[in-house]
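Listing of start-v9.pdb; format and content: PDB, C-alpha atoms.
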```
ATOM      1  CA  MET Q   1       0.000   0.000   0.000
ATOM      2  CA  LEU Q   2       1.099   3.560  -0.699
ATOM      3  CA  GLY Q   3       2.332   5.964   1.946
ATOM      4  CA  GLU Q   4       0.441   9.209   2.457
ATOM      5  CA  PHE Q   5       3.004  11.394   0.671
ATOM      6  CA  GLU Q   6       3.300   8.883  -2.155
ATOM      7  CA  TYR Q   7      -0.453   9.139  -2.642
ATOM      8  CA  VAL Q   8      -0.349  12.955  -2.601
ATOM      9  CA  LEU Q   9       2.471  12.965  -5.166
ATOM     10  CA  ILE Q  10       0.741  10.514  -7.529
ATOM     11  CA  THR Q  11      -2.514  12.482  -7.263
ATOM     12  CA  ALA Q  12      -0.753  15.771  -8.019
ATOM     13  CA  ALA Q  13       1.155  14.264 -10.962
ATOM     14  CA  ALA Q  14      -1.974  12.615 -12.361
ATOM     15  CA  GLY Q  15      -3.851  15.918 -12.091
ATOM     16  CA  LEU Q  16      -1.133  17.777 -13.995
ATOM     17  CA  GLY Q  17      -1.175  15.194 -16.796
ATOM     18  CA  GLU Q  18       1.394  15.951 -19.498
ATOM     19  CA  ASN Q  19       2.678  18.991 -17.596
ATOM     20  CA  ALA Q  20       3.804  16.985 -14.583
ATOM     21  CA  TYR Q  21       7.419  17.680 -13.652
ATOM     22  CA  GLY Q  22       9.320  18.398 -10.418
ATOM     23  CA  ALA Q  23       8.568  22.082  -9.787
ATOM     24  CA  ALA Q  24       4.957  21.864 -11.019
ATOM     25  CA  ILE Q  25       4.198  18.837  -8.821
ATOM     26  CA  ARG Q  26       5.761  20.588  -5.845
ATOM     27  CA  GLU Q  27       3.632  23.678  -6.421
ATOM     28  CA  GLU Q  28       0.509  21.554  -6.817
ATOM     29  CA  ILE Q  29       1.201  19.724  -3.542
ATOM     30  CA  GLU Q  30       1.865  22.961  -1.654
ATOM     31  CA  LYS Q  31      -1.260  24.585  -3.090
ATOM     32  CA  GLY Q  32      -3.578  21.575  -2.814
ATOM     33  CA  ALA Q  33      -2.438  19.889   0.388
ATOM     34  CA  GLY Q  34      -1.472  23.129   2.126
ATOM     35  CA  ARG Q  35       1.870  21.739   3.249
ATOM     36  CA  THR Q  36       5.430  22.523   2.343
ATOM     37  CA  CYS Q  37       7.135  20.021   0.091
ATOM     38  CA  SER Q  38      10.925  19.903   0.075
ATOM     39  CA  ILE Q  39      12.868  19.094  -3.074
ATOM     40  CA  GLY Q  40      14.513  16.227  -1.190
ATOM     41  CA  ALA Q  41      11.200  14.612  -0.238
ATOM     42  CA  LEU Q  42       9.826  15.127  -3.755
ATOM     43  CA  TYR Q  43      12.702  13.590  -5.717
ATOM     44  CA  THR Q  44      13.407  10.687  -3.359
ATOM     45  CA  THR Q  45       9.694   9.776  -3.477
ATOM     46  CA  ILE Q  46       9.640  10.072  -7.277
ATOM     47  CA  GLU Q  47      12.694   7.785  -7.385
ATOM     48  CA  ARG Q  48      11.071   5.243  -5.054
ATOM     49  CA  LEU Q  49       7.771   5.220  -6.971
ATOM     50  CA  GLU Q  50       9.632   4.821 -10.257
ATOM     51  CA  LYS Q  51      11.432   1.781  -8.844
ATOM     52  CA  LYS Q  52       8.054   0.350  -7.827
ATOM     53  CA  GLY Q  53       6.829   0.867 -11.398
ATOM     54  CA  MET Q  54       4.185   3.418 -10.393
ATOM     55  CA  LEU Q  55       5.800   6.345 -12.179
ATOM     56  CA  ARG Q  56       7.826   6.745 -15.348
ATOM     57  CA  THR Q  57      10.208   9.688 -15.683
ATOM     58  CA  TRP Q  58      12.266  11.128 -18.494
ATOM     59  CA  MET Q  59      14.205  14.315 -19.122
ATOM     60  CA  GLY Q  60      12.124  16.914 -20.927
ATOM     61  CA  GLU Q  61      13.037  20.118 -22.715
ATOM     62  CA  ALA Q  62      15.242  22.849 -21.276
ATOM     63  CA  THR Q  63      13.782  26.346 -20.995
ATOM     64  CA  ALA Q  64      15.337  29.792 -20.508
ATOM     65  CA  GLN Q  65      13.180  30.243 -17.385
ATOM     66  CA  ARG Q  66      15.013  27.261 -15.886
ATOM     67  CA  GLY Q  67      18.455  28.593 -16.799
ATOM     68  CA  GLY Q  68      18.680  26.195 -19.734
ATOM     69  CA  ARG Q  69      18.174  23.117 -17.550
ATOM     70  CA  ALA Q  70      15.958  20.176 -18.467
ATOM     71  CA  LYS Q  71      12.763  19.226 -16.630
ATOM     72  CA  ARG Q  72      12.278  15.769 -15.157
ATOM     73  CA  MET Q  73       8.902  14.865 -16.587
ATOM     74  CA  VAL Q  74       6.673  12.451 -14.668
ATOM     75  CA  HIS Q  75       3.963  10.102 -15.919
ATOM     76  CA  VAL Q  76       1.775   8.003 -13.627
ATOM     77  CA  THR Q  77       1.616   4.405 -14.860
ATOM     78  CA  PRO Q  78      -1.560   2.264 -14.691
ATOM     79  CA  LYS Q  79      -0.023   0.503 -11.682
ATOM     80  CA  GLY Q  80       0.392   3.882  -9.956
ATOM     81  CA  LEU Q  81      -3.188   4.891 -10.761
ATOM     82  CA  HIS Q  82      -4.477   1.583  -9.405
ATOM     83  CA  ALA Q  83      -2.444   1.948  -6.177
ATOM     84  CA  ALA Q  84      -3.696   5.529  -5.684
ATOM     85  CA  LYS Q  85      -7.318   4.442  -6.241
ATOM     86  CA  GLU Q  86      -6.874   1.619  -3.737
ATOM     87  CA  PHE Q  87      -5.372   4.021  -1.167
ATOM     88  CA  TYR Q  88      -8.231   6.497  -1.666
ATOM     89  CA  GLU Q  89     -10.887   3.799  -1.277
ATOM     90  CA  SER Q  90      -9.323   2.357   1.849
ATOM     91  CA  MET Q  91      -9.118   5.858   3.382
ATOM     92  CA  MET Q  92     -12.786   6.414   2.559
ATOM     93  CA  ARG Q  93     -13.719   3.073   4.164
ATOM     94  CA  VAL Q  94     -11.665   3.772   7.284
ATOM     95  CA  SER Q  95     -13.096   7.284   7.634
ATOM     96  CA  ARG Q  96     -16.774   6.543   7.072
ATOM     97  CA  ASN Q  97     -17.677   6.618  10.796
ATOM     98  CA  ALA Q  98     -15.382   9.474  11.758
ATOM     99  CA  SER Q  99     -17.045  12.468  13.411
ATOM    100  CA  TRP Q 100     -15.667  14.935  10.856
ATOM    101  CA  VAL Q 101     -17.174  13.123   7.868
ATOM    102  CA  LYS Q 102     -20.246  14.962   6.554
ATOM    103  CA  GLY Q 103     -23.351  12.863   5.893
ATOM    104  CA  LYS Q 104     -22.142   9.887   7.918
ATOM    105  CA  PRO Q 105     -24.892   7.481   9.056
ATOM    106  CA  GLU Q 106     -26.295   8.175  12.534
ATOM    107  CA  ARG Q 107     -25.329   5.629  15.198
ATOM    108  CA  ALA Q 108     -28.114   3.967  17.196
ATOM    109  CA  SER Q 109     -27.833   5.009  20.872
TER
ATOM    110  CA  MET H 110      31.383  31.648 -11.020
ATOM    111  CA  ARG H 111      29.363  28.730  -9.740
ATOM    112  CA  SER H 112      26.491  29.392  -7.373
ATOM    113  CA  MET H 113      26.301  27.723  -3.971
ATOM    114  CA  ALA H 114      23.496  25.474  -5.221
ATOM    115  CA  GLU H 115      25.620  24.301  -8.164
ATOM    116  CA  LEU H 116      28.449  23.443  -5.806
ATOM    117  CA  ALA H 117      26.094  21.473  -3.563
ATOM    118  CA  ALA H 118      24.659  19.706  -6.635
ATOM    119  CA  ILE H 119      28.059  18.119  -7.411
ATOM    120  CA  PHE H 120      26.990  15.241  -5.169
ATOM    121  CA  LEU H 121      23.909  14.522  -7.289
ATOM    122  CA  ALA H 122      23.661  12.339 -10.389
ATOM    123  CA  PRO H 123      23.772  14.443 -13.620
ATOM    124  CA  LYS H 124      20.075  13.747 -14.344
ATOM    125  CA  ASP H 125      19.006  14.894 -10.849
ATOM    126  CA  ARG H 126      21.378  17.860 -10.959
ATOM    127  CA  ASP H 127      19.736  19.320 -14.054
ATOM    128  CA  ALA H 128      16.198  18.779 -12.788
ATOM    129  CA  VAL H 129      16.851  20.171  -9.307
ATOM    130  CA  LEU H 130      18.866  23.225 -10.387
ATOM    131  CA  GLY H 131      16.231  23.947 -13.048
ATOM    132  CA  ASP H 132      13.454  23.715 -10.434
ATOM    133  CA  LEU H 133      15.364  26.080  -8.155
ATOM    134  CA  ALA H 134      15.881  28.566 -11.009
ATOM    135  CA  GLU H 135      12.176  28.362 -11.856
ATOM    136  CA  THR H 136      11.114  29.059  -8.275
ATOM    137  CA  CYS H 137      13.693  31.855  -8.038
ATOM    138  CA  ALA H 138      15.473  30.231  -5.078
ATOM    139  CA  SER H 139      18.969  31.679  -4.860
ATOM    140  CA  GLY H 140      21.749  32.770  -2.535
ATOM    141  CA  TRP H 141      22.118  31.039   0.810
ATOM    142  CA  SER H 142      18.667  29.411   0.731
ATOM    143  CA  ALA H 143      19.370  27.382  -2.434
ATOM    144  CA  PRO H 144      22.043  24.889  -1.252
ATOM    145  CA  GLY H 145      19.844  23.696   1.645
ATOM    146  CA  PRO H 146      17.256  21.850  -0.470
ATOM    147  CA  VAL H 147      19.998  20.385  -2.679
ATOM    148  CA  LEU H 148      21.972  19.070   0.286
ATOM    149  CA  GLY H 149      18.706  17.822   1.790
ATOM    150  CA  LEU H 150      18.157  15.751  -1.347
ATOM    151  CA  VAL H 151      21.730  14.421  -1.232
ATOM    152  CA  VAL H 152      21.251  13.292   2.392
ATOM    153  CA  ARG H 153      17.851  11.732   1.659
ATOM    154  CA  GLN H 154      19.218   9.866  -1.380
ATOM    155  CA  GLN H 155      22.071   8.456   0.704
ATOM    156  CA  MET H 156      19.666   7.421   3.474
ATOM    157  CA  GLU H 157      17.397   5.776   0.911
ATOM    158  CA  LEU H 158      20.339   3.678  -0.339
ATOM    159  CA  TRP H 159      20.951   2.297   3.158
ATOM    160  CA  ARG H 160      17.427   0.895   3.352
ATOM    161  CA  ALA H 161      18.614  -2.043   1.249
ATOM    162  CA  TRP H 162      20.784  -4.875   2.598
ATOM    163  CA  GLN H 163      23.549  -4.561  -0.003
ATOM    164  CA  PRO H 164      25.314  -1.446   1.411
ATOM    165  CA  TRP H 165      25.411  -3.072   4.858
ATOM    166  CA  VAL H 166      26.959  -6.280   3.548
ATOM    167  CA  ALA H 167      29.394  -4.308   1.351
ATOM    168  CA  SER H 168      30.508  -2.194   4.326
ATOM    169  CA  GLY H 169      30.864  -5.275   6.510
ATOM    170  CA  VAL H 170      32.991  -7.008   3.890
ATOM    171  CA  ALA H 171      35.107  -3.846   3.427
ATOM    172  CA  CYS H 172      35.755  -3.513   7.154
ATOM    173  CA  ALA H 173      36.257  -7.195   8.019
ATOM    174  CA  GLY H 174      38.091  -7.850   4.733
ATOM    175  CA  SER H 175      40.589  -5.053   5.262
ATOM    176  CA  LEU H 176      41.333  -6.283   8.807
ATOM    177  CA  LEU H 177      41.955  -9.823   7.551
ATOM    178  CA  LEU H 178      43.919  -8.633   4.536
ATOM    179  CA  LEU H 179      46.123  -6.501   6.795
ATOM    180  CA  SER H 180      47.014  -9.648   8.661
ATOM    181  CA  ALA H 181      47.483 -11.578   5.384
ATOM    182  CA  SER H 182      49.796  -8.829   4.062
ATOM    183  CA  PHE H 183      51.827  -8.896   7.245
ATOM    184  CA  GLY H 184      52.047 -12.701   7.092
ATOM    185  CA  LEU H 185      53.208 -12.533   3.469
ATOM    186  CA  SER H 186      55.873  -9.941   4.342
ATOM    187  CA  MET H 187      57.178 -12.089   7.195
ATOM    188  CA  ASP H 188      57.232 -15.209   5.010
ATOM    189  CA  SER H 189      58.992 -13.304   2.198
ATOM    190  CA  ARG H 190      61.668 -12.294   4.687
ATOM    191  CA  GLN H 191      62.046 -15.929   5.726
ATOM    192  CA  LEU H 192      62.284 -16.874   2.038
ATOM    193  CA  LEU H 193      65.181 -14.444   1.593
ATOM    194  CA  ARG H 194      66.899 -16.055   4.589
ATOM    195  CA  GLY H 195      66.348 -19.468   3.042
ATOM    196  CA  GLU H 196      63.986 -20.594   5.794
ATOM    197  CA  ARG H 197      61.001 -21.032   3.442
ATOM    198  CA  GLY H 198      60.362 -22.522   0.021
ATOM    199  CA  TYR H 199      59.442 -20.531  -3.099
ATOM    200  CA  GLY H 200      56.263 -22.568  -3.710
ATOM    201  CA  SER H 201      54.709 -21.771  -0.349
ATOM    202  CA  VAL H 202      55.388 -18.024  -0.587
ATOM    203  CA  LEU H 203      54.194 -17.915  -4.201
ATOM    204  CA  CYS H 204      50.920 -19.631  -3.189
ATOM    205  CA  GLU H 205      50.496 -17.179  -0.342
ATOM    206  CA  ALA H 206      51.156 -14.171  -2.613
ATOM    207  CA  LEU H 207      48.748 -15.395  -5.282
ATOM    208  CA  LEU H 208      46.088 -16.046  -2.647
ATOM    209  CA  MET H 209      46.472 -12.603  -1.157
ATOM    210  CA  LEU H 210      46.174 -11.048  -4.619
ATOM    211  CA  ALA H 211      43.029 -13.070  -5.360
ATOM    212  CA  TRP H 212      41.476 -12.372  -1.936
ATOM    213  CA  ALA H 213      42.103  -8.634  -2.246
ATOM    214  CA  TRP H 214      40.846  -8.419  -5.847
ATOM    215  CA  THR H 215      37.673 -10.414  -5.196
ATOM    216  CA  SER H 216      36.955  -8.483  -1.979
ATOM    217  CA  GLY H 217      37.296  -5.111  -3.780
ATOM    218  CA  PHE H 218      35.148  -6.379  -6.633
ATOM    219  CA  MET H 219      32.467  -7.690  -4.280
ATOM    220  CA  VAL H 220      32.269  -4.499  -2.194
ATOM    221  CA  VAL H 221      31.748  -2.260  -5.225
ATOM    222  CA  SER H 222      29.607  -4.556  -7.346
ATOM    223  CA  LEU H 223      27.280  -5.123  -4.386
ATOM    224  CA  SER H 224      26.679  -1.443  -3.790
ATOM    225  CA  ALA H 225      28.472   0.935  -6.153
ATOM    226  CA  LYS H 226      26.634   4.019  -4.915
ATOM    227  CA  THR H 227      27.895   3.574  -1.349
ATOM    228  CA  ARG H 228      31.458   2.705  -2.399
ATOM    229  CA  TRP H 229      32.897   5.787  -0.657
ATOM    230  CA  ALA H 230      31.353   4.822   2.673
ATOM    231  CA  SER H 231      32.621   1.250   2.214
ATOM    232  CA  GLY H 232      36.031   2.622   1.217
ATOM    233  CA  ILE H 233      36.245   4.744   4.363
ATOM    234  CA  LEU H 234      35.274   1.755   6.503
ATOM    235  CA  GLY H 235      38.013  -0.254   4.796
ATOM    236  CA  VAL H 236      40.648   2.473   5.156
ATOM    237  CA  ILE H 237      40.110   3.145   8.894
ATOM    238  CA  PRO H 238      41.635  -0.208  10.034
ATOM    239  CA  CYS H 239      44.517   0.332   7.581
ATOM    240  CA  LEU H 240      45.375   3.772   8.977
ATOM    241  CA  SER H 241      45.065   2.536  12.534
ATOM    242  CA  CYS H 242      47.345  -0.424  11.777
ATOM    243  CA  VAL H 243      49.971   1.636   9.921
ATOM    244  CA  VAL H 244      50.143   4.152  12.783
ATOM    245  CA  ARG H 245      50.531   1.438  15.438
ATOM    246  CA  PHE H 246      52.855  -0.804  13.426
ATOM    247  CA  HIS H 247      56.094  -1.599  15.269
ATOM    248  CA  GLU H 248      58.338  -4.130  13.546
ATOM    249  CA  ALA H 249      61.872  -2.859  13.198
ATOM    250  CA  SER H 250      62.838  -5.218  10.389
ATOM    251  CA  LEU H 251      59.851  -4.431   8.140
ATOM    252  CA  PRO H 252      58.603  -1.151   6.658
ATOM    253  CA  ARG H 253      55.122   0.047   7.668
ATOM    254  CA  VAL H 254      53.753  -0.308   4.139
ATOM    255  CA  CYS H 255      54.253  -4.081   4.268
ATOM    256  CA  VAL H 256      50.806  -4.401   5.853
ATOM    257  CA  LEU H 257      49.243  -2.592   2.900
ATOM    258  CA  LEU H 258      50.341  -4.991   0.139
ATOM    259  CA  PHE H 259      46.699  -5.849  -0.525
ATOM    260  CA  LEU H 260      45.627  -2.276  -1.315
ATOM    261  CA  LEU H 261      46.555  -2.185  -5.011
ATOM    262  CA  PRO H 262      44.788  -5.435  -6.038
ATOM    263  CA  ALA H 263      41.787  -4.482  -3.873
ATOM    264  CA  VAL H 264      41.519  -1.112  -5.649
ATOM    265  CA  ALA H 265      41.904  -2.862  -9.026
ATOM    266  CA  GLY H 266      39.005  -5.186  -8.119
ATOM    267  CA  ALA H 267      36.922  -2.205  -7.011
ATOM    268  CA  VAL H 268      37.615  -0.383 -10.301
ATOM    269  CA  HIS H 269      36.323  -3.423 -12.213
ATOM    270  CA  GLY H 270      33.246  -3.372  -9.991
ATOM    271  CA  VAL H 271      32.656   0.341 -10.702
ATOM    272  CA  ARG H 272      32.823  -0.322 -14.427
ATOM    273  CA  ARG H 273      30.078  -2.871 -13.816
ATOM    274  CA  ALA H 274      32.164  -5.455 -15.612
ATOM    275  CA  ARG H 275      30.927  -9.010 -15.244
ATOM    276  CA  LEU H 276      33.173 -12.027 -15.171
ATOM    277  CA  SER H 277      32.098 -14.894 -17.362
ATOM    278  CA  ARG H 278      30.743 -17.850 -15.368
ATOM    279  CA  ARG H 279      33.682 -20.008 -16.370
ATOM    280  CA  THR H 280      36.226 -17.383 -15.279
ATOM    281  CA  ALA H 281      34.471 -16.820 -11.950
ATOM    282  CA  LEU H 282      34.299 -20.559 -11.266
ATOM    283  CA  THR H 283      37.937 -21.042 -12.269
ATOM    284  CA  LEU H 284      38.994 -18.219  -9.950
ATOM    285  CA  ALA H 285      36.961 -19.608  -7.017
ATOM    286  CA  VAL H 286      38.270 -23.146  -7.540
ATOM    287  CA  THR H 287      41.855 -21.903  -7.963
ATOM    288  CA  MET H 288      41.591 -19.976  -4.699
ATOM    289  CA  THR H 289      40.331 -23.087  -2.909
ATOM    290  CA  VAL H 290      43.078 -25.272  -4.377
ATOM    291  CA  LEU H 291      45.736 -22.682  -3.502
ATOM    292  CA  MET H 292      44.447 -22.589   0.072
ATOM    293  CA  ALA H 293      44.598 -26.382   0.281
ATOM    294  CA  VAL H 294      48.113 -26.516  -1.229
ATOM    295  CA  TRP H 295      49.390 -23.674   0.919
ATOM    296  CA  GLY H 296      47.877 -25.255   4.021
ATOM    297  CA  GLY H 297      45.973 -22.142   4.961
ATOM    298  CA  MET H 298      42.540 -23.716   5.506
ATOM    299  CA  TYR H 299      42.148 -22.140   8.922
ATOM    300  CA  LEU H 300      39.280 -20.031  10.212
ATOM    301  CA  ARG H 301      40.480 -16.593   9.049
ATOM    302  CA  ASN H 302      40.746 -17.695   5.461
ATOM    303  CA  TRP H 303      37.235 -19.149   5.302
ATOM    304  CA  PHE H 304      35.957 -15.559   5.222
ATOM    305  CA  PHE H 305      37.399 -15.158   1.743
ATOM    306  CA  PHE H 306      35.078 -17.816   0.340
ATOM    307  CA  LEU H 307      32.400 -15.112   0.626
ATOM    308  CA  PRO H 308      33.805 -12.841  -2.136
ATOM    309  CA  ALA H 309      34.778 -15.890  -4.201
ATOM    310  CA  GLY H 310      31.236 -17.247  -3.905
ATOM    311  CA  TRP H 311      29.856 -13.807  -4.737
ATOM    312  CA  LEU H 312      31.854 -13.782  -7.976
ATOM    313  CA  VAL H 313      30.166 -17.002  -9.055
ATOM    314  CA  VAL H 314      26.666 -15.824  -8.044
ATOM    315  CA  HIS H 315      27.260 -12.438  -9.693
ATOM    316  CA  ALA H 316      28.361 -14.139 -12.913
ATOM    317  CA  GLU H 317      25.266 -16.376 -12.838
ATOM    318  CA  ARG H 318      22.896 -13.408 -12.842
ATOM    319  CA  ALA H 319      23.021 -12.732 -16.544
ATOM    320  CA  ASN H 320      19.578 -11.201 -16.887
ATOM    321  CA  ARG H 321      20.926  -7.691 -17.435
ATOM    322  CA  PRO H 322      23.191  -6.966 -20.380
ATOM    323  CA  ARG H 323      26.626  -6.028 -19.143
ATOM    324  CA  GLN H 324      30.153  -5.849 -20.428
ATOM    325  CA  GLU H 325      31.792  -9.255 -20.164
ATOM    326  CA  ILE H 326      35.450  -9.536 -19.335
ATOM    327  CA  SER H 327      37.777 -12.438 -19.104
ATOM    328  CA  ALA H 328      40.365 -12.222 -16.366
TER
END
```
Do you think you could lay out the structure here as structure tokens?
Amino acid sequence: MLGEFEYVLITAAAGLGENAYGAAIREEIEKGAGRTCSIGALYTTIERLEKKGMLRTWMGEATAQRGGRAKRMVHVTPKGLHAAKEFYESMMRVSRNASWVKGKPERAS
Amino acid sequence: MRSMAELAAIFLAPKDRDAVLGDLAETCASGWSAPGPVLGLVVRQQMELWRAWQPWVASGVACAGSLLLLSASFGLSMDSRQLLRGERGYGSVLCEALLMLAWAWTSGFMVVSLSAKTRWASGILGVIPCLSCVVRFHEASLPRVCVLLFLLPAVAGAVHGVRRARLSRRTALTLAVTMTVLMAVWGGMYLRNWFFFLPAGWLVVHAERANRPRQEISA
């Protein structure tokens, strides 16, 4: 099963689609999850997920904005999508009776 | 002039270096704040490597191997001196020298081929006993370097490991069998020397794993 940050990273990369690369994923995580994301955490997790076959990365084009340096593009593989879906569903199942979940079924007293 | 971040990025692989420095340029991180994230990544990558068993075994072999090879080098130096005095035969000393060469080469090869990315940590763990031994060495009739005879073949083995060269199965088996025969002939089948079956065995196992295309060499 995925770790929490692995799930967040896959979700951000999947949401960005063809524009998923290091800096964009980091921005998406910081904006969406409201937490800081260090470059170290981002790239070591990308590396780990790539080894697990959940991501595929390749070097993209270099731009002037990046000082002529290439982007590390990220693509979520079907295995990654499946793992993220499984994580999401298990979180939903675990959370269904939690007090903060809206519309949860009333417990009989 | 190179920025601080570029200097810190020396420790990264070229692919990571480009991506990380590009990301930093894109987010306008510069000056003193830029090297922090880069060094953070370097530390995390190193820590990630040590989650596998290979770096631990490689470091153990480097440390234990260098201790045993120090003693083997010293033994060879003493026996060579006896040979010069006519107290020992050529055959015995030749066997011992060949064995030490093979032990050192296979140990260096094993350490690096097991975990190339942590080779510097393994190297440091191998060098510490050497330095300690050289500093404490007191034998008036022998120079201090006589305990370091194994260093050159060990480094040669490590260089082959870095180049990811693979011995052919036949060569690896021949080397392992030759080492065993030499040990039997020399009469050195005692406990210390059994350790060196580990790198010899590794050579054979490593040669067997032919599922990845690699450069094949014949020793």
Find the residues of chain Q in contact range of chain H, meaning any atom within 7 Å when counting all atoms listed in the file, and list them as a ChimeraX atom specification. /Q:22-23,38-40,44,65-67,69-72
For the atom pair CA of Val166 (chain H) and CA of Trp214 (chain H), what is the interatomic distance in Å to one decimal place? 16.9 Å
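Take the candidates Q:Met54, Q:Leu16, Q:Leu49, Q:Phe5 and check each one against His82 (chain Q) using only C-alpha atoms; the shortest distance goes to Q:Met54.
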With 3 Å added on each side, what axis-aligned box encloses every listed atom of region 233-245 of chain H? Give the centre and edge lengths in Å to one decimal, as JSON.
```
{"center_x": 42.9, "center_y": 2.2, "center_z": 9.9, "size_x": 21.3, "size_y": 11.2, "size_z": 17.1}
```
Residues within 10 Å of Met1 (chain Q), all atoms listed in the file, excluding chain neighbours under 6 positions, as a PyMOL selection string: chain Q and resi 7+83-84+86-87+90
Based on the selection just made, write C-alpha atoms of those residues as a short mmCIF file (atom, residue, chain, number, x, y, z; two decimals), keeping the file's coordinate frame.
```
data_model
loop_
_atom_site.label_atom_id
_atom_site.label_comp_id
_atom_site.auth_asym_id
_atom_site.auth_seq_id
_atom_site.Cartn_x
_atom_site.Cartn_y
_atom_site.Cartn_z
CA TYR Q 7 -0.45 9.14 -2.64
CA ALA Q 83 -2.44 1.95 -6.18
CA ALA Q 84 -3.70 5.53 -5.68
CA GLU Q 86 -6.87 1.62 -3.74
CA PHE Q 87 -5.37 4.02 -1.17
CA SER Q 90 -9.32 2.36 1.85
#
```
For the point (8.1, 16.7, -10.5) in file coordinates, what residues are within 7 Å, counting all atoms listed in the file? Give the answer as a CSV table (one decimal) with C-alpha atoms, in the frame of the given file?
```csv
chain,number,residue,atom,x,y,z
Q,20,ALA,CA,3.8,17.0,-14.6
Q,21,TYR,CA,7.4,17.7,-13.7
Q,22,GLY,CA,9.3,18.4,-10.4
Q,23,ALA,CA,8.6,22.1,-9.8
Q,24,ALA,CA,5.0,21.9,-11.0
Q,25,ILE,CA,4.2,18.8,-8.8
Q,26,ARG,CA,5.8,20.6,-5.8
Q,72,ARG,CA,12.3,15.8,-15.2
Q,73,MET,CA,8.9,14.9,-16.6
Q,74,VAL,CA,6.7,12.5,-14.7
```
When the PyMOL selection byres ((chain H and resi 213) around 8) is applied to the structure above, which residues does it catch, written out as a PyMOL selection string? chain H and resi 178+209-212+214-217+259-260+262-263+266
Give me region 19-35 of chain Q with N, CA and C atoms filled in, as an mmCIF file, in the coordinates of the input.
```
data_model
loop_
_atom_site.group_PDB
_atom_site.id
_atom_site.type_symbol
_atom_site.label_atom_id
_atom_site.label_comp_id
_atom_site.auth_asym_id
_atom_site.auth_seq_id
_atom_site.Cartn_x
_atom_site.Cartn_y
_atom_site.Cartn_z
ATOM 1 N N ASN Q 19 1.826 17.905 -18.116
ATOM 2 C CA ASN Q 19 2.678 18.991 -17.596
ATOM 3 C C ASN Q 19 3.284 18.647 -16.237
ATOM 4 N N ALA Q 20 3.282 17.375 -15.898
ATOM 5 C CA ALA Q 20 3.804 16.985 -14.583
ATOM 6 C C ALA Q 20 5.326 16.903 -14.610
ATOM 7 N N TYR Q 21 5.963 17.741 -13.849
ATOM 8 C CA TYR Q 21 7.419 17.680 -13.652
ATOM 9 C C TYR Q 21 7.710 18.230 -12.261
ATOM 10 N N GLY Q 22 8.940 18.085 -11.800
ATOM 11 C CA GLY Q 22 9.320 18.398 -10.418
ATOM 12 C C GLY Q 22 8.690 19.643 -9.812
ATOM 13 N N ALA Q 23 9.018 20.822 -10.392
ATOM 14 C CA ALA Q 23 8.568 22.082 -9.787
ATOM 15 C C ALA Q 23 7.046 22.216 -9.814
ATOM 16 N N ALA Q 24 6.416 21.749 -10.905
ATOM 17 C CA ALA Q 24 4.957 21.864 -11.019
ATOM 18 C C ALA Q 24 4.266 20.971 -9.993
ATOM 19 N N ILE Q 25 4.788 19.761 -9.804
ATOM 20 C CA ILE Q 25 4.198 18.837 -8.821
ATOM 21 C C ILE Q 25 4.335 19.431 -7.419
ATOM 22 N N ARG Q 26 5.503 20.003 -7.168
ATOM 23 C CA ARG Q 26 5.761 20.588 -5.845
ATOM 24 C C ARG Q 26 4.775 21.723 -5.563
ATOM 25 N N GLU Q 27 4.557 22.558 -6.565
ATOM 26 C CA GLU Q 27 3.632 23.678 -6.421
ATOM 27 C C GLU Q 27 2.204 23.174 -6.181
ATOM 28 N N GLU Q 28 1.857 22.138 -6.922
ATOM 29 C CA GLU Q 28 0.509 21.554 -6.817
ATOM 30 C C GLU Q 28 0.282 20.979 -5.413
ATOM 31 N N ILE Q 29 1.321 20.311 -4.886
ATOM 32 C CA ILE Q 29 1.201 19.724 -3.542
ATOM 33 C C ILE Q 29 1.064 20.840 -2.500
ATOM 34 N N GLU Q 30 1.892 21.873 -2.645
ATOM 35 C CA GLU Q 30 1.865 22.961 -1.654
ATOM 36 C C GLU Q 30 0.534 23.702 -1.696
ATOM 37 N N LYS Q 31 0.008 23.869 -2.917
ATOM 38 C CA LYS Q 31 -1.260 24.585 -3.090
ATOM 39 C C LYS Q 31 -2.439 23.715 -2.623
ATOM 40 N N GLY Q 32 -2.427 22.458 -3.075
ATOM 41 C CA GLY Q 32 -3.578 21.575 -2.814
ATOM 42 C C GLY Q 32 -3.605 21.016 -1.405
ATOM 43 N N ALA Q 33 -2.463 20.543 -0.931
ATOM 44 C CA ALA Q 33 -2.438 19.889 0.388
ATOM 45 C C ALA Q 33 -2.140 20.881 1.503
ATOM 46 N N GLY Q 34 -1.750 22.094 1.126
ATOM 47 C CA GLY Q 34 -1.472 23.129 2.126
ATOM 48 C C GLY Q 34 -0.301 22.774 3.018
ATOM 49 N N ARG Q 35 0.682 22.100 2.464
ATOM 50 C CA ARG Q 35 1.870 21.739 3.249
ATOM 51 C C ARG Q 35 3.112 22.022 2.416
#
```
